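Source file: entry-v9.pdb (PDB, C-alpha atoms, pLDDT in the B column)
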```pdb
ATOM      1  CA  MET B   1     110.433  94.779  97.057  1.00 84.00           C
ATOM      2  CA  ALA B   2     111.047  98.255  98.373  1.00 96.00           C
ATOM      3  CA  MET B   3     110.533  99.500 101.905  1.00 98.00           C
ATOM      4  CA  PHE B   4     108.037 102.260 102.713  1.00 98.00           C
ATOM      5  CA  MET B   5     107.217 104.338 105.764  1.00 98.00           C
ATOM      6  CA  ASP B   6     103.744 105.805 105.698  1.00 97.00           C
ATOM      7  CA  VAL B   7     102.385 108.405 108.063  1.00 96.00           C
ATOM      8  CA  HIS B   8      98.835 109.108 109.218  1.00 97.00           C
ATOM      9  CA  HIS B   9      97.986 112.387 110.952  1.00 96.00           C
ATOM     10  CA  GLY B  10      94.825 113.337 112.818  1.00 96.00           C
ATOM     11  CA  MET B  11      94.673 110.119 114.850  1.00 96.00           C
ATOM     12  CA  ALA B  12      94.698 111.810 118.269  1.00 97.00           C
ATOM     13  CA  GLY B  13      93.310 109.570 120.964  1.00 97.00           C
ATOM     14  CA  ILE B  14      93.884 106.336 119.054  1.00 97.00           C
ATOM     15  CA  THR B  15      93.847 103.369 121.451  1.00 97.00           C
ATOM     16  CA  ALA B  16      95.970 100.235 121.442  1.00 97.00           C
ATOM     17  CA  GLU B  17      92.892  98.251 120.388  1.00 97.00           C
ATOM     18  CA  GLN B  18      92.162 100.588 117.475  1.00 97.00           C
ATOM     19  CA  LEU B  19      95.765 100.428 116.280  1.00 97.00           C
ATOM     20  CA  LYS B  20      95.733  96.633 116.472  1.00 97.00           C
ATOM     21  CA  ALA B  21      92.432  96.433 114.620  1.00 97.00           C
ATOM     22  CA  ALA B  22      93.644  98.786 111.867  1.00 96.00           C
ATOM     23  CA  HIS B  23      96.908  96.871 111.501  1.00 97.00           C
ATOM     24  CA  ALA B  24      95.036  93.543 111.411  1.00 97.00           C
ATOM     25  CA  ALA B  25      92.752  94.899 108.680  1.00 97.00           C
ATOM     26  CA  ASP B  26      95.803  95.952 106.656  1.00 97.00           C
ATOM     27  CA  LEU B  27      97.370  92.514 107.093  1.00 97.00           C
ATOM     28  CA  ALA B  28      94.137  90.871 105.929  1.00 97.00           C
ATOM     29  CA  ALA B  29      93.921  93.116 102.844  1.00 97.00           C
ATOM     30  CA  GLN B  30      97.588  93.327 101.815  1.00 97.00           C
ATOM     31  CA  GLY B  31      97.874  90.071  99.876  1.00 96.00           C
ATOM     32  CA  GLU B  32      96.184  91.236  96.708  1.00 94.00           C
ATOM     33  CA  GLU B  33      98.602  94.138  96.416  1.00 97.00           C
ATOM     34  CA  GLY B  34     101.754  92.227  97.259  1.00 98.00           C
ATOM     35  CA  VAL B  35     102.308  94.450 100.313  1.00 98.00           C
ATOM     36  CA  GLU B  36     103.721  93.224 103.628  1.00 98.00           C
ATOM     37  CA  PHE B  37     103.060  95.511 106.554  1.00 98.00           C
ATOM     38  CA  ARG B  38     105.843  94.939 109.067  1.00 97.00           C
ATOM     39  CA  GLN B  39     105.027  97.140 112.020  1.00 97.00           C
ATOM     40  CA  ALA B  40     102.966 100.109 113.148  1.00 97.00           C
ATOM     41  CA  TRP B  41     103.619 102.689 115.857  1.00 98.00           C
ATOM     42  CA  ALA B  42     101.264 105.328 117.222  1.00 97.00           C
ATOM     43  CA  ASP B  43     101.517 108.530 119.210  1.00 96.00           C
ATOM     44  CA  PRO B  44      97.993 109.139 120.539  1.00 97.00           C
ATOM     45  CA  ASP B  45      98.920 112.607 121.828  1.00 95.00           C
ATOM     46  CA  SER B  46     100.014 114.102 118.516  1.00 94.00           C
ATOM     47  CA  GLY B  47      97.721 111.762 116.580  1.00 96.00           C
ATOM     48  CA  THR B  48     100.486 110.339 114.414  1.00 96.00           C
ATOM     49  CA  VAL B  49     100.708 106.757 113.175  1.00 97.00           C
ATOM     50  CA  TYR B  50     103.722 105.294 111.330  1.00 97.00           C
ATOM     51  CA  CYS B  51     103.551 102.052 109.330  1.00 98.00           C
ATOM     52  CA  LEU B  52     106.561 100.234 107.910  1.00 98.00           C
ATOM     53  CA  SER B  53     105.988  97.957 104.926  1.00 98.00           C
ATOM     54  CA  SER B  54     107.662  96.256 102.031  1.00 98.00           C
ATOM     55  CA  ALA B  55     105.715  96.712  98.833  1.00 98.00           C
ATOM     56  CA  PRO B  56     105.976  96.847  95.063  1.00 98.00           C
ATOM     57  CA  SER B  57     105.076 100.559  95.003  1.00 98.00           C
ATOM     58  CA  ARG B  58     103.895 103.534  97.011  1.00 97.00           C
ATOM     59  CA  GLU B  59     100.527 103.239  95.266  1.00 98.00           C
ATOM     60  CA  ALA B  60     100.137  99.621  96.408  1.00 98.00           C
ATOM     61  CA  VAL B  61     100.665 100.672 100.038  1.00 98.00           C
ATOM     62  CA  GLN B  62      98.082 103.405  99.682  1.00 98.00           C
ATOM     63  CA  ARG B  63      95.548 101.117  97.988  1.00 98.00           C
ATOM     64  CA  VAL B  64      95.641  98.733 100.948  1.00 98.00           C
ATOM     65  CA  HIS B  65      95.197 101.599 103.424  1.00 97.00           C
ATOM     66  CA  GLU B  66      92.326 103.016 101.352  1.00 97.00           C
ATOM     67  CA  ARG B  67      90.617  99.650 101.155  1.00 97.00           C
ATOM     68  CA  THR B  68      90.726  99.353 104.950  1.00 97.00           C
ATOM     69  CA  GLY B  69      89.396 102.858 105.457  1.00 95.00           C
ATOM     70  CA  HIS B  70      92.472 104.738 106.651  1.00 94.00           C
ATOM     71  CA  PRO B  71      94.380 106.305 103.744  1.00 97.00           C
ATOM     72  CA  ALA B  72      97.851 107.556 104.648  1.00 98.00           C
ATOM     73  CA  ASP B  73      98.715 111.254 104.514  1.00 97.00           C
ATOM     74  CA  GLU B  74     102.266 110.486 103.378  1.00 95.00           C
ATOM     75  CA  VAL B  75     103.892 107.385 101.902  1.00 96.00           C
ATOM     76  CA  HIS B  76     107.680 107.626 101.726  1.00 95.00           C
ATOM     77  CA  PRO B  77     109.918 105.083 100.064  1.00 97.00           C
ATOM     78  CA  VAL B  78     112.781 104.439 102.517  1.00 98.00           C
ATOM     79  CA  PRO B  79     115.401 102.747 100.366  1.00 97.00           C
ATOM     80  CA  LEU B  80     118.114 103.408 102.968  1.00 97.00           C
ATOM     81  CA  GLN B  81     118.217 101.582 106.292  1.00 96.00           C
ATOM     82  CA  ALA B  82     120.744 101.433 109.077  1.00 96.00           C
TER      83      ALA B  82
ATOM     84  CA  MET U   1     111.752 102.388 128.718  1.00 84.00           C
ATOM     85  CA  ALA U   2     109.453 104.066 126.227  1.00 96.00           C
ATOM     86  CA  MET U   3     109.634 103.877 122.472  1.00 98.00           C
ATOM     87  CA  PHE U   4     110.188 106.971 120.326  1.00 98.00           C
ATOM     88  CA  MET U   5     110.062 107.737 116.615  1.00 98.00           C
ATOM     89  CA  ASP U   6     112.049 110.796 115.647  1.00 97.00           C
ATOM     90  CA  VAL U   7     111.975 112.531 112.308  1.00 96.00           C
ATOM     91  CA  HIS U   8     114.597 114.611 110.515  1.00 97.00           C
ATOM     92  CA  HIS U   9     113.655 116.782 107.534  1.00 96.00           C
ATOM     93  CA  GLY U  10     115.915 118.533 105.045  1.00 96.00           C
ATOM     94  CA  MET U  11     118.130 115.509 104.444  1.00 96.00           C
ATOM     95  CA  ALA U  12     117.590 115.358 100.683  1.00 97.00           C
ATOM     96  CA  GLY U  13     120.347 113.479  98.925  1.00 97.00           C
ATOM     97  CA  ILE U  14     121.481 111.559 102.001  1.00 97.00           C
ATOM     98  CA  THR U  15     123.493 108.506 100.974  1.00 97.00           C
ATOM     99  CA  ALA U  16     123.552 105.019 102.485  1.00 97.00           C
ATOM    100  CA  GLU U  17     127.047 105.766 103.825  1.00 97.00           C
ATOM    101  CA  GLN U  18     125.933 109.013 105.461  1.00 97.00           C
ATOM    102  CA  LEU U  19     122.951 107.312 107.083  1.00 97.00           C
ATOM    103  CA  LYS U  20     125.163 104.510 108.384  1.00 97.00           C
ATOM    104  CA  ALA U  21     127.717 106.984 109.721  1.00 97.00           C
ATOM    105  CA  ALA U  22     125.037 109.070 111.464  1.00 96.00           C
ATOM    106  CA  HIS U  23     123.424 105.973 112.968  1.00 97.00           C
ATOM    107  CA  ALA U  24     126.815 104.662 114.109  1.00 97.00           C
ATOM    108  CA  ALA U  25     127.548 108.013 115.766  1.00 97.00           C
ATOM    109  CA  ASP U  26     124.227 107.835 117.596  1.00 97.00           C
ATOM    110  CA  LEU U  27     124.972 104.283 118.753  1.00 97.00           C
ATOM    111  CA  ALA U  28     128.370 105.396 120.033  1.00 97.00           C
ATOM    112  CA  ALA U  29     126.873 108.348 121.939  1.00 97.00           C
ATOM    113  CA  GLN U  30     123.644 106.832 123.270  1.00 97.00           C
ATOM    114  CA  GLY U  31     124.994 105.057 126.341  1.00 96.00           C
ATOM    115  CA  GLU U  32     125.312 108.101 128.543  1.00 94.00           C
ATOM    116  CA  GLU U  33     121.661 108.950 128.015  1.00 97.00           C
ATOM    117  CA  GLY U  34     120.299 105.436 128.387  1.00 98.00           C
ATOM    118  CA  VAL U  35     118.981 105.534 124.822  1.00 98.00           C
ATOM    119  CA  GLU U  36     118.967 102.537 122.468  1.00 98.00           C
ATOM    120  CA  PHE U  37     118.578 103.427 118.824  1.00 98.00           C
ATOM    121  CA  ARG U  38     116.969 100.442 117.108  1.00 97.00           C
ATOM    122  CA  GLN U  39     116.758 101.326 113.453  1.00 97.00           C
ATOM    123  CA  ALA U  40     116.879 104.220 110.994  1.00 97.00           C
ATOM    124  CA  TRP U  41     115.235 104.651 107.598  1.00 98.00           C
ATOM    125  CA  ALA U  42     115.823 107.366 105.024  1.00 97.00           C
ATOM    126  CA  ASP U  43     114.044 108.739 101.984  1.00 96.00           C
ATOM    127  CA  PRO U  44     116.727 110.677 100.083  1.00 97.00           C
ATOM    128  CA  ASP U  45     114.170 112.150  97.660  1.00 95.00           C
ATOM    129  CA  SER U  46     112.001 113.894 100.252  1.00 94.00           C
ATOM    130  CA  GLY U  47     114.951 114.269 102.615  1.00 96.00           C
ATOM    131  CA  THR U  48     113.230 112.522 105.511  1.00 96.00           C
ATOM    132  CA  VAL U  49     114.943 110.292 108.085  1.00 97.00           C
ATOM    133  CA  TYR U  50     113.087 108.254 110.729  1.00 97.00           C
ATOM    134  CA  CYS U  51     114.804 106.783 113.786  1.00 98.00           C
ATOM    135  CA  LEU U  52     113.213 104.323 116.187  1.00 98.00           C
ATOM    136  CA  SER U  53     114.586 104.166 119.716  1.00 98.00           C
ATOM    137  CA  SER U  54     113.824 103.122 123.233  1.00 98.00           C
ATOM    138  CA  ALA U  55     114.723 105.800 125.725  1.00 98.00           C
ATOM    139  CA  PRO U  56     113.952 107.222 129.141  1.00 98.00           C
ATOM    140  CA  SER U  57     112.562 110.443 127.624  1.00 98.00           C
ATOM    141  CA  ARG U  58     112.091 112.481 124.467  1.00 97.00           C
ATOM    142  CA  GLU U  59     114.763 114.868 125.725  1.00 98.00           C
ATOM    143  CA  ALA U  60     117.284 112.033 126.071  1.00 98.00           C
ATOM    144  CA  VAL U  61     116.726 111.059 122.425  1.00 98.00           C
ATOM    145  CA  GLN U  62     117.220 114.649 121.341  1.00 98.00           C
ATOM    146  CA  ARG U  63     120.358 115.105 123.444  1.00 98.00           C
ATOM    147  CA  VAL U  64     122.032 112.165 121.698  1.00 98.00           C
ATOM    148  CA  HIS U  65     121.085 113.508 118.271  1.00 97.00           C
ATOM    149  CA  GLU U  66     122.330 116.986 119.227  1.00 97.00           C
ATOM    150  CA  ARG U  67     125.605 115.602 120.502  1.00 97.00           C
ATOM    151  CA  THR U  68     126.187 113.846 117.185  1.00 97.00           C
ATOM    152  CA  GLY U  69     125.335 116.946 115.181  1.00 95.00           C
ATOM    153  CA  HIS U  70     121.934 116.071 113.743  1.00 94.00           C
ATOM    154  CA  PRO U  71     119.119 117.264 116.020  1.00 97.00           C
ATOM    155  CA  ALA U  72     115.694 115.825 115.163  1.00 98.00           C
ATOM    156  CA  ASP U  73     112.876 118.072 113.948  1.00 97.00           C
ATOM    157  CA  GLU U  74     110.282 115.935 115.737  1.00 95.00           C
ATOM    158  CA  VAL U  75     110.534 113.354 118.509  1.00 96.00           C
ATOM    159  CA  HIS U  76     107.296 111.450 119.073  1.00 95.00           C
ATOM    160  CA  PRO U  77     106.711 108.991 121.864  1.00 97.00           C
ATOM    161  CA  VAL U  78     105.070 105.942 120.258  1.00 98.00           C
ATOM    162  CA  PRO U  79     103.632 104.058 123.220  1.00 97.00           C
ATOM    163  CA  LEU U  80     101.388 101.963 120.942  1.00 97.00           C
ATOM    164  CA  GLN U  81     102.790  99.294 118.639  1.00 96.00           C
ATOM    165  CA  ALA U  82     101.151  96.651 116.476  1.00 96.00           C
TER     166      ALA U  82
END
```
Output the file's structure as structure tokens, nothing else.
Amino acid sequence: MAMFMDVHHGMAGITAEQLKAAHAADLAAQGEEGVEFRQAWADPDSGTVYCLSSAPSREAVQRVHERTGHPADEVHPVPLQA
Amino acid sequence: MAMFMDVHHGMAGITAEQLKAAHAADLAAQGEEGVEFRQAWADPDSGTVYCLSSAPSREAVQRVHERTGHPADEVHPVPLQA
């Protein structure tokens, strides 16, 4: 399983409740794709959301996000960690 | 302490050793600024590096990165986590 960081733009004003609900929806939908969302972080001022996951592919990450109604603007494999 | 996600672009081709060395330099320099770098992830293909930290301010995060020779292109507070 590879690690991925995906980025959502245009989420200005996102609340803690909305982030939790979106993350919970991803967790509920991830099983079919073999994705494991690890964590999500949001900056309501710039409207940026980052999600860290392990997944079989970039496409699998995006399919989960599409199914839950919030496709990512970028999905980056992050094979290097420190 | 607030949480921050900073982003570096233009790092195409970064190796695991270079990421580890950069992260180690940040860890060695962070104390003066009260910053705690938690983790770093890199995508050598797109040349993107993400660093998660807790810090007293965005400027403190940037000062550590500047001191170690790799200023961030973006430093986002990420007050929301899920």
#### Entry: Test item: residues at most 10 Å from Gln18 of chain U, only C-alpha atoms, excluding those fewer than 5 positions along its chain, as a list in words
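With the cut-off at 10 Å, the set is Leu80 and Ala82 of chain B; Gly13, His23 and Ala24 of chain U.
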### Message
Please check the contacts: residues of chain U at most 10 Å away from chain B, using all atoms listed in the file, listed as a PyMOL selection string.
### Response
chain U and resi 3-5+14-24+38-52+76-82
Could you please take those selected residues and save C-alpha atoms as a PDB file, keeping the file's coordinate frame?
```
ATOM      1  CA  MET U   3     109.634 103.877 122.472  1.00 98.00           C
ATOM      2  CA  PHE U   4     110.188 106.971 120.326  1.00 98.00           C
ATOM      3  CA  MET U   5     110.062 107.737 116.615  1.00 98.00           C
ATOM      4  CA  ILE U  14     121.481 111.559 102.001  1.00 97.00           C
ATOM      5  CA  THR U  15     123.493 108.506 100.974  1.00 97.00           C
ATOM      6  CA  ALA U  16     123.552 105.019 102.485  1.00 97.00           C
ATOM      7  CA  GLU U  17     127.047 105.766 103.825  1.00 97.00           C
ATOM      8  CA  GLN U  18     125.933 109.013 105.461  1.00 97.00           C
ATOM      9  CA  LEU U  19     122.951 107.312 107.083  1.00 97.00           C
ATOM     10  CA  LYS U  20     125.163 104.510 108.384  1.00 97.00           C
ATOM     11  CA  ALA U  21     127.717 106.984 109.721  1.00 97.00           C
ATOM     12  CA  ALA U  22     125.037 109.070 111.464  1.00 96.00           C
ATOM     13  CA  HIS U  23     123.424 105.973 112.968  1.00 97.00           C
ATOM     14  CA  ALA U  24     126.815 104.662 114.109  1.00 97.00           C
ATOM     15  CA  ARG U  38     116.969 100.442 117.108  1.00 97.00           C
ATOM     16  CA  GLN U  39     116.758 101.326 113.453  1.00 97.00           C
ATOM     17  CA  ALA U  40     116.879 104.220 110.994  1.00 97.00           C
ATOM     18  CA  TRP U  41     115.235 104.651 107.598  1.00 98.00           C
ATOM     19  CA  ALA U  42     115.823 107.366 105.024  1.00 97.00           C
ATOM     20  CA  ASP U  43     114.044 108.739 101.984  1.00 96.00           C
ATOM     21  CA  PRO U  44     116.727 110.677 100.083  1.00 97.00           C
ATOM     22  CA  ASP U  45     114.170 112.150  97.660  1.00 95.00           C
ATOM     23  CA  SER U  46     112.001 113.894 100.252  1.00 94.00           C
ATOM     24  CA  GLY U  47     114.951 114.269 102.615  1.00 96.00           C
ATOM     25  CA  THR U  48     113.230 112.522 105.511  1.00 96.00           C
ATOM     26  CA  VAL U  49     114.943 110.292 108.085  1.00 97.00           C
ATOM     27  CA  TYR U  50     113.087 108.254 110.729  1.00 97.00           C
ATOM     28  CA  CYS U  51     114.804 106.783 113.786  1.00 98.00           C
ATOM     29  CA  LEU U  52     113.213 104.323 116.187  1.00 98.00           C
ATOM     30  CA  HIS U  76     107.296 111.450 119.073  1.00 95.00           C
ATOM     31  CA  PRO U  77     106.711 108.991 121.864  1.00 97.00           C
ATOM     32  CA  VAL U  78     105.070 105.942 120.258  1.00 98.00           C
ATOM     33  CA  PRO U  79     103.632 104.058 123.220  1.00 97.00           C
ATOM     34  CA  LEU U  80     101.388 101.963 120.942  1.00 97.00           C
ATOM     35  CA  GLN U  81     102.790  99.294 118.639  1.00 96.00           C
ATOM     36  CA  ALA U  82     101.151  96.651 116.476  1.00 96.00           C
TER      37      ALA U  82
END
```
Answer key for the PyMOL selection byres ((chain U and resi 72) around 7), residues as a short mmCIF file (atom, residue, chain, number, x, y, z; two decimals) with C-alpha atoms, in the coordinates of the input:
```
data_model
loop_
_atom_site.label_atom_id
_atom_site.label_comp_id
_atom_site.auth_asym_id
_atom_site.auth_seq_id
_atom_site.Cartn_x
_atom_site.Cartn_y
_atom_site.Cartn_z
CA ASP U 6 112.05 110.80 115.65
CA VAL U 7 111.98 112.53 112.31
CA HIS U 8 114.60 114.61 110.52
CA GLN U 62 117.22 114.65 121.34
CA HIS U 65 121.08 113.51 118.27
CA HIS U 70 121.93 116.07 113.74
CA PRO U 71 119.12 117.26 116.02
CA ASP U 73 112.88 118.07 113.95
CA GLU U 74 110.28 115.94 115.74
CA VAL U 75 110.53 113.35 118.51
#
```
### Message
Rounded to one decimal, what separation in Å do you get between atom CA of Glu59 of chain B and atom CA of Ala12 of chain U?
### Response
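Taking atom CA of Glu59 of chain B as the start and atom CA of Ala12 of chain U as the end point, the length is 21.6 Å.
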### Query
Can you tell me how far atom CA of Met1 of chain U sits from atom CA of Asp26 of chain U, in Å to one decimal?
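Rounded to one decimal, the two atoms are 17.6 Å apart.
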### Message
Please report the interatomic distance between atom CA of Val64 of chain B and atom CA of Glu33 of chain B in Å with one decimal.
### Response
7.1 Å
Padding of 3 Å on every side, edges along x, y and z, all listed atoms of segment 54-68 of chain B included: what centre and edge lengths in Å, to one decimal, does that box have, as JSON?
```
{"center_x": 99.1, "center_y": 99.9, "center_z": 100.0, "size_x": 23.0, "size_y": 13.3, "size_z": 15.9}
```
### Message
the PyMOL selection byres ((chain U and resi 35) around 9) - which residues does that actually catch in the file I just gave you? List them as a PyMOL selection string.
### Response
chain U and resi 1+27+29-34+36-37+53-57+60-61+64
